[in-house]
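The structure appears below as structure tokens.
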Amino acid sequence: MSDNYLLRLYHKCLSYPFGRQIFSAMFARKAPYFRSIKPFVTELRPNYCELTFKKRKQVENHIGTVHAIALCNGLEMAMGALAEASIPKHLRWIPKGMTVNYTAKADSDIRITAETPADAWQEGDLAVQVKGFRADGTVVIEGEITIYISRKPKRKPK
């Protein structure tokens, strides 16, 4: 099994009934706004994360489609899970920017993906590719979230 803390937690949760729900709720607590979409992580592995959330009144805009900010919350959560599950132990990351294009009406439940190449985890900027899909497979939002990767500082001896 992986030595990555998040992947260990994910796989441990999968061994329980409703494990994906348990993991999704636990990870969504990392940032309170993630909980607003009630995400469900369907797949997590190094360099890839997929999650879904339901179209419901709390995430709709004035025209009855999924609100742009709810979509961006999903993108950011998927990117964050991917980053935590993928980054080597000696490195750390922080979001630097997000660029998205809204390509179609988000009028159904939403599936979000975040993906990076396996060899991407080096110091500097990394553009994580993110997409959101309607139930019929149409892309409703796509873009990239740029994260800055740096070396963790050396710990001072006690």
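Letters for chains follow the order of the structure tokens (A, B, ...), residue numbers begin at 1 for each chain, and ligand numbers begin at 1 in the order shown.
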
Please provide the set of residues having any atom within 8 Å of range 7-9 of chain A, restricted to only C-alpha atoms, with same-chain residues fewer than 6 positions apart removed, written as a short mmCIF file (atom, residue, chain, number, x, y, z; two decimals) with all heavy atoms, in the first residue's frame.
```cif
data_model
loop_
_atom_site.label_atom_id
_atom_site.label_comp_id
_atom_site.auth_asym_id
_atom_site.auth_seq_id
_atom_site.Cartn_x
_atom_site.Cartn_y
_atom_site.Cartn_z
N MET A 1 0.84 -1.19 0.00
CA MET A 1 0.00 0.00 0.00
C MET A 1 0.88 1.25 0.00
O MET A 1 2.03 1.21 0.39
CB MET A 1 -0.94 -0.01 1.21
CG MET A 1 -1.93 1.14 1.15
SD MET A 1 -3.29 1.09 2.30
CE MET A 1 -4.09 -0.41 1.87
N PHE A 23 -15.05 8.82 3.40
CA PHE A 23 -13.87 9.54 2.95
C PHE A 23 -14.24 10.91 2.40
O PHE A 23 -13.59 11.91 2.71
CB PHE A 23 -13.10 8.74 1.89
CG PHE A 23 -11.94 9.51 1.33
CD1 PHE A 23 -10.73 9.55 2.01
CD2 PHE A 23 -12.06 10.22 0.14
CE1 PHE A 23 -9.67 10.28 1.52
CE2 PHE A 23 -11.00 10.96 -0.35
CZ PHE A 23 -9.80 10.99 0.33
N LEU A 44 -9.74 8.04 -6.53
CA LEU A 44 -8.56 8.79 -6.14
C LEU A 44 -7.35 7.89 -6.29
O LEU A 44 -7.31 6.79 -5.74
CB LEU A 44 -8.67 9.28 -4.68
CG LEU A 44 -7.47 10.06 -4.16
CD1 LEU A 44 -7.27 11.36 -4.94
CD2 LEU A 44 -7.65 10.36 -2.67
N ARG A 45 -6.41 8.37 -7.07
CA ARG A 45 -5.13 7.67 -7.24
C ARG A 45 -4.09 8.74 -7.55
O ARG A 45 -4.45 9.89 -7.82
CB ARG A 45 -5.23 6.62 -8.35
CG ARG A 45 -5.52 7.15 -9.72
CD ARG A 45 -5.59 6.02 -10.76
NE ARG A 45 -5.60 6.54 -12.10
CZ ARG A 45 -6.67 6.78 -12.82
NH1 ARG A 45 -7.88 6.54 -12.31
NH2 ARG A 45 -6.57 7.26 -14.05
N ALA A 85 -2.60 13.51 -2.80
CA ALA A 85 -2.36 12.09 -3.05
C ALA A 85 -1.15 11.84 -3.93
O ALA A 85 -0.70 10.70 -4.05
CB ALA A 85 -3.61 11.47 -3.70
#
```

Any idea what's packed within 9 Å of Ile87 in chain A, counting only C-alpha atoms, ignoring anything in its chain fewer than 6 positions away? Could you give it as a PDB file with C-alpha atoms, in the first residue's frame?
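Listed below is the output, selection-v1.pdb:
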```pdb
ATOM      1  CA  ASN A   4       0.940   8.627   1.129  1.00  0.00           C
ATOM      2  CA  PRO A  46      -1.828   9.424  -7.840  1.00  0.00           C
ATOM      3  CA  ASN A  47      -2.294  12.114 -10.513  1.00  0.00           C
ATOM      4  CA  TRP A  93       2.061  22.980  -2.783  1.00  0.00           C
ATOM      5  CA  TRP A 121       5.834  16.898  -9.492  1.00  0.00           C
ATOM      6  CA  GLN A 122       8.838  19.197  -9.536  1.00  0.00           C
ATOM      7  CA  ILE A 149       5.399  23.574  -5.741  1.00  0.00           C
TER       8      ILE A 149
END
```

Any chance you could list, as a ChimeraX atom specification, the residues in chain A that come up strand (DSSP E) when DSSP is run on the backbone?
/A:40-45,48-53,91-102,110-115,124-133,139-151

Expected file: the selected residues, C-alpha atoms, as a compact mmCIF listing (two decimals), in the first residue's frame:
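The resulting file, out16.txt, is reproduced below:
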```txt
# COMPACT_ATOMS: atom_id res chain seq x y z
CA PHE A 40 -18.69 12.23 -3.43
CA VAL A 41 -15.15 11.10 -4.34
CA THR A 42 -15.53 8.22 -6.81
CA GLU A 43 -11.85 7.67 -7.61
CA LEU A 44 -8.56 8.79 -6.14
CA ARG A 45 -5.13 7.67 -7.24
CA TYR A 48 -6.06 11.62 -10.82
CA CYS A 49 -9.18 12.42 -8.85
CA GLU A 50 -12.83 12.14 -9.80
CA LEU A 51 -15.79 13.31 -7.76
CA THR A 52 -19.47 13.93 -8.30
CA PHE A 53 -22.11 16.13 -6.78
CA LEU A 91 7.62 18.96 -1.52
CA ARG A 92 4.62 21.15 -0.66
CA TRP A 93 2.06 22.98 -2.78
CA ILE A 94 -0.17 26.03 -2.68
CA PRO A 95 -2.77 27.22 -5.23
CA LYS A 96 -1.58 30.11 -7.35
CA GLY A 97 -4.36 30.68 -9.87
CA MET A 98 -7.35 29.25 -11.66
CA THR A 99 -8.48 29.72 -15.24
CA VAL A 100 -11.77 28.21 -16.37
CA ASN A 101 -14.11 28.33 -19.33
CA TYR A 102 -17.82 27.59 -19.01
CA ILE A 110 -21.94 16.98 -12.17
CA ARG A 111 -18.83 14.81 -12.51
CA ILE A 112 -15.47 16.53 -11.94
CA THR A 113 -12.01 15.29 -12.90
CA ALA A 114 -8.51 16.57 -12.12
CA GLU A 115 -5.45 15.12 -13.81
CA GLY A 124 7.86 25.49 -9.77
CA ASP A 125 4.43 25.96 -11.32
CA LEU A 126 2.23 23.01 -12.20
CA ALA A 127 -0.98 23.40 -14.20
CA VAL A 128 -3.51 20.78 -13.07
CA GLN A 129 -6.09 20.05 -15.77
CA VAL A 130 -9.67 20.13 -14.46
CA LYS A 131 -13.01 19.40 -16.14
CA GLY A 132 -16.65 19.17 -15.18
CA PHE A 133 -19.21 17.08 -17.05
CA VAL A 139 -18.12 19.25 -20.74
CA VAL A 140 -19.67 22.19 -18.85
CA ILE A 141 -16.47 23.68 -17.40
CA GLU A 142 -12.81 23.13 -18.16
CA GLY A 143 -9.57 24.79 -17.29
CA GLU A 144 -6.49 24.57 -15.17
CA ILE A 145 -5.56 25.31 -11.62
CA THR A 146 -1.96 26.42 -11.26
CA ILE A 147 -0.23 25.34 -8.09
CA TYR A 148 3.19 26.41 -6.92
CA ILE A 149 5.40 23.57 -5.74
CA SER A 150 8.34 24.18 -3.43
CA ARG A 151 10.64 22.23 -1.18
```

Could you find all residues in range 21-103 of chain A that DSSP calls helix (DSSP H, G or I) from the backbone, and write them as a PyMOL selection string?
chain A and resi 21-28+32-35+57-59+68-86

Saved selection, atoms kept: N, CA and C atoms, as an mmCIF file, in the first residue's frame:
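Below is the file selection37.cif, written as the result:
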```cif
data_model
loop_
_atom_site.group_PDB
_atom_site.id
_atom_site.type_symbol
_atom_site.label_atom_id
_atom_site.label_comp_id
_atom_site.auth_asym_id
_atom_site.auth_seq_id
_atom_site.Cartn_x
_atom_site.Cartn_y
_atom_site.Cartn_z
ATOM 1 N N GLN A 21 -18.394 7.448 0.965
ATOM 2 C CA GLN A 21 -19.118 8.547 1.620
ATOM 3 C C GLN A 21 -18.345 9.052 2.831
ATOM 4 N N ILE A 22 -17.792 8.132 3.605
ATOM 5 C CA ILE A 22 -17.026 8.511 4.793
ATOM 6 C C ILE A 22 -15.804 9.328 4.387
ATOM 7 N N PHE A 23 -15.053 8.818 3.404
ATOM 8 C CA PHE A 23 -13.867 9.538 2.948
ATOM 9 C C PHE A 23 -14.241 10.911 2.396
ATOM 10 N N SER A 24 -15.270 10.957 1.579
ATOM 11 C CA SER A 24 -15.687 12.227 0.966
ATOM 12 C C SER A 24 -16.044 13.253 2.025
ATOM 13 N N ALA A 25 -16.770 12.838 3.047
ATOM 14 C CA ALA A 25 -17.148 13.764 4.129
ATOM 15 C C ALA A 25 -15.915 14.221 4.898
ATOM 16 N N MET A 26 -14.982 13.301 5.144
ATOM 17 C CA MET A 26 -13.769 13.667 5.877
ATOM 18 C C MET A 26 -12.921 14.656 5.075
ATOM 19 N N PHE A 27 -12.740 14.384 3.791
ATOM 20 C CA PHE A 27 -11.899 15.268 2.993
ATOM 21 C C PHE A 27 -12.575 16.627 2.783
ATOM 22 N N ALA A 28 -13.883 16.644 2.646
ATOM 23 C CA ALA A 28 -14.613 17.906 2.450
ATOM 24 C C ALA A 28 -14.472 18.827 3.661
ATOM 25 N N PRO A 32 -14.229 24.291 4.504
ATOM 26 C CA PRO A 32 -15.681 24.287 4.724
ATOM 27 C C PRO A 32 -16.524 24.483 3.462
ATOM 28 N N TYR A 33 -16.033 25.254 2.500
ATOM 29 C CA TYR A 33 -16.826 25.479 1.296
ATOM 30 C C TYR A 33 -16.946 24.223 0.442
ATOM 31 N N PHE A 34 -16.045 23.259 0.585
ATOM 32 C CA PHE A 34 -16.197 21.992 -0.130
ATOM 33 C C PHE A 34 -17.504 21.306 0.266
ATOM 34 N N ARG A 35 -17.853 21.415 1.539
ATOM 35 C CA ARG A 35 -19.069 20.751 2.023
ATOM 36 C C ARG A 35 -20.328 21.305 1.376
ATOM 37 N N LYS A 57 -31.122 22.436 -5.179
ATOM 38 C CA LYS A 57 -31.448 23.848 -5.000
ATOM 39 C C LYS A 57 -30.281 24.649 -4.412
ATOM 40 N N GLN A 58 -29.558 24.079 -3.458
ATOM 41 C CA GLN A 58 -28.487 24.798 -2.772
ATOM 42 C C GLN A 58 -27.299 25.143 -3.674
ATOM 43 N N VAL A 59 -27.161 24.489 -4.824
ATOM 44 C CA VAL A 59 -26.046 24.791 -5.725
ATOM 45 C C VAL A 59 -26.513 25.408 -7.043
ATOM 46 N N ALA A 68 -21.746 28.701 -11.060
ATOM 47 C CA ALA A 68 -20.328 28.689 -11.436
ATOM 48 C C ALA A 68 -19.420 28.448 -10.236
ATOM 49 N N ILE A 69 -19.744 29.034 -9.097
ATOM 50 C CA ILE A 69 -18.888 28.867 -7.918
ATOM 51 C C ILE A 69 -18.971 27.439 -7.382
ATOM 52 N N ALA A 70 -20.133 26.813 -7.458
ATOM 53 C CA ALA A 70 -20.239 25.409 -7.060
ATOM 54 C C ALA A 70 -19.367 24.544 -7.960
ATOM 55 N N LEU A 71 -19.385 24.830 -9.255
ATOM 56 C CA LEU A 71 -18.522 24.087 -10.183
ATOM 57 C C LEU A 71 -17.052 24.284 -9.813
ATOM 58 N N CYS A 72 -16.664 25.535 -9.541
ATOM 59 C CA CYS A 72 -15.264 25.816 -9.176
ATOM 60 C C CYS A 72 -14.882 25.164 -7.850
ATOM 61 N N ASN A 73 -15.816 25.092 -6.903
ATOM 62 C CA ASN A 73 -15.545 24.375 -5.649
ATOM 63 C C ASN A 73 -15.220 22.918 -5.937
ATOM 64 N N GLY A 74 -15.983 22.305 -6.823
ATOM 65 C CA GLY A 74 -15.713 20.916 -7.199
ATOM 66 C C GLY A 74 -14.355 20.758 -7.858
ATOM 67 N N LEU A 75 -14.024 21.680 -8.762
ATOM 68 C CA LEU A 75 -12.715 21.628 -9.423
ATOM 69 C C LEU A 75 -11.586 21.745 -8.409
ATOM 70 N N GLU A 76 -11.730 22.691 -7.482
ATOM 71 C CA GLU A 76 -10.670 22.906 -6.505
ATOM 72 C C GLU A 76 -10.535 21.716 -5.550
ATOM 73 N N MET A 77 -11.653 21.117 -5.166
ATOM 74 C CA MET A 77 -11.571 19.959 -4.277
ATOM 75 C C MET A 77 -10.867 18.792 -4.976
ATOM 76 N N ALA A 78 -11.240 18.527 -6.229
ATOM 77 C CA ALA A 78 -10.603 17.431 -6.968
ATOM 78 C C ALA A 78 -9.105 17.689 -7.133
ATOM 79 N N MET A 79 -8.744 18.934 -7.451
ATOM 80 C CA MET A 79 -7.327 19.281 -7.590
ATOM 81 C C MET A 79 -6.595 19.091 -6.266
ATOM 82 N N GLY A 80 -7.202 19.528 -5.163
ATOM 83 C CA GLY A 80 -6.564 19.402 -3.859
ATOM 84 C C GLY A 80 -6.339 17.959 -3.454
ATOM 85 N N ALA A 81 -7.336 17.116 -3.708
ATOM 86 C CA ALA A 81 -7.178 15.691 -3.386
ATOM 87 C C ALA A 81 -6.091 15.063 -4.249
ATOM 88 N N LEU A 82 -6.100 15.391 -5.536
ATOM 89 C CA LEU A 82 -5.054 14.890 -6.431
ATOM 90 C C LEU A 82 -3.679 15.323 -5.929
ATOM 91 N N ALA A 83 -3.543 16.605 -5.589
ATOM 92 C CA ALA A 83 -2.238 17.114 -5.140
ATOM 93 C C ALA A 83 -1.777 16.410 -3.875
ATOM 94 N N GLU A 84 -2.659 16.293 -2.900
ATOM 95 C CA GLU A 84 -2.285 15.640 -1.639
ATOM 96 C C GLU A 84 -1.954 14.165 -1.837
ATOM 97 N N ALA A 85 -2.602 13.510 -2.799
ATOM 98 C CA ALA A 85 -2.365 12.086 -3.047
ATOM 99 C C ALA A 85 -1.151 11.840 -3.934
ATOM 100 N N SER A 86 -0.597 12.884 -4.543
ATOM 101 C CA SER A 86 0.443 12.705 -5.556
ATOM 102 C C SER A 86 1.797 13.299 -5.211
#
```

Which is closest to Lys38 in chain A among A:Lys55, A:Pro153, A:Thr138, A:His62, if we use only C-alpha atoms?
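Distance minimum relative to Lys38 in chain A lands on A:Lys55.
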
Using CA of Asp107 in chain A and CA of Gly137 in chain A as the two end points, give the distance in Å to one decimal.
11.8 Å

Could you tell me which of A:His90, A:Arg56, A:Lys105, A:His67 comes closest to Glu123 in chain A if we count only C-alpha atoms?
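Checking each candidate against Glu123 in chain A, we get A:His90 as the closest.
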
Counting only C-alpha atoms, the residue of A:Ala106, A:Ser36, A:Thr116, A:Arg20 that sits nearest Gly64 in chain A:
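For Gly64 in chain A, the nearest of the candidates is A:Ala106.
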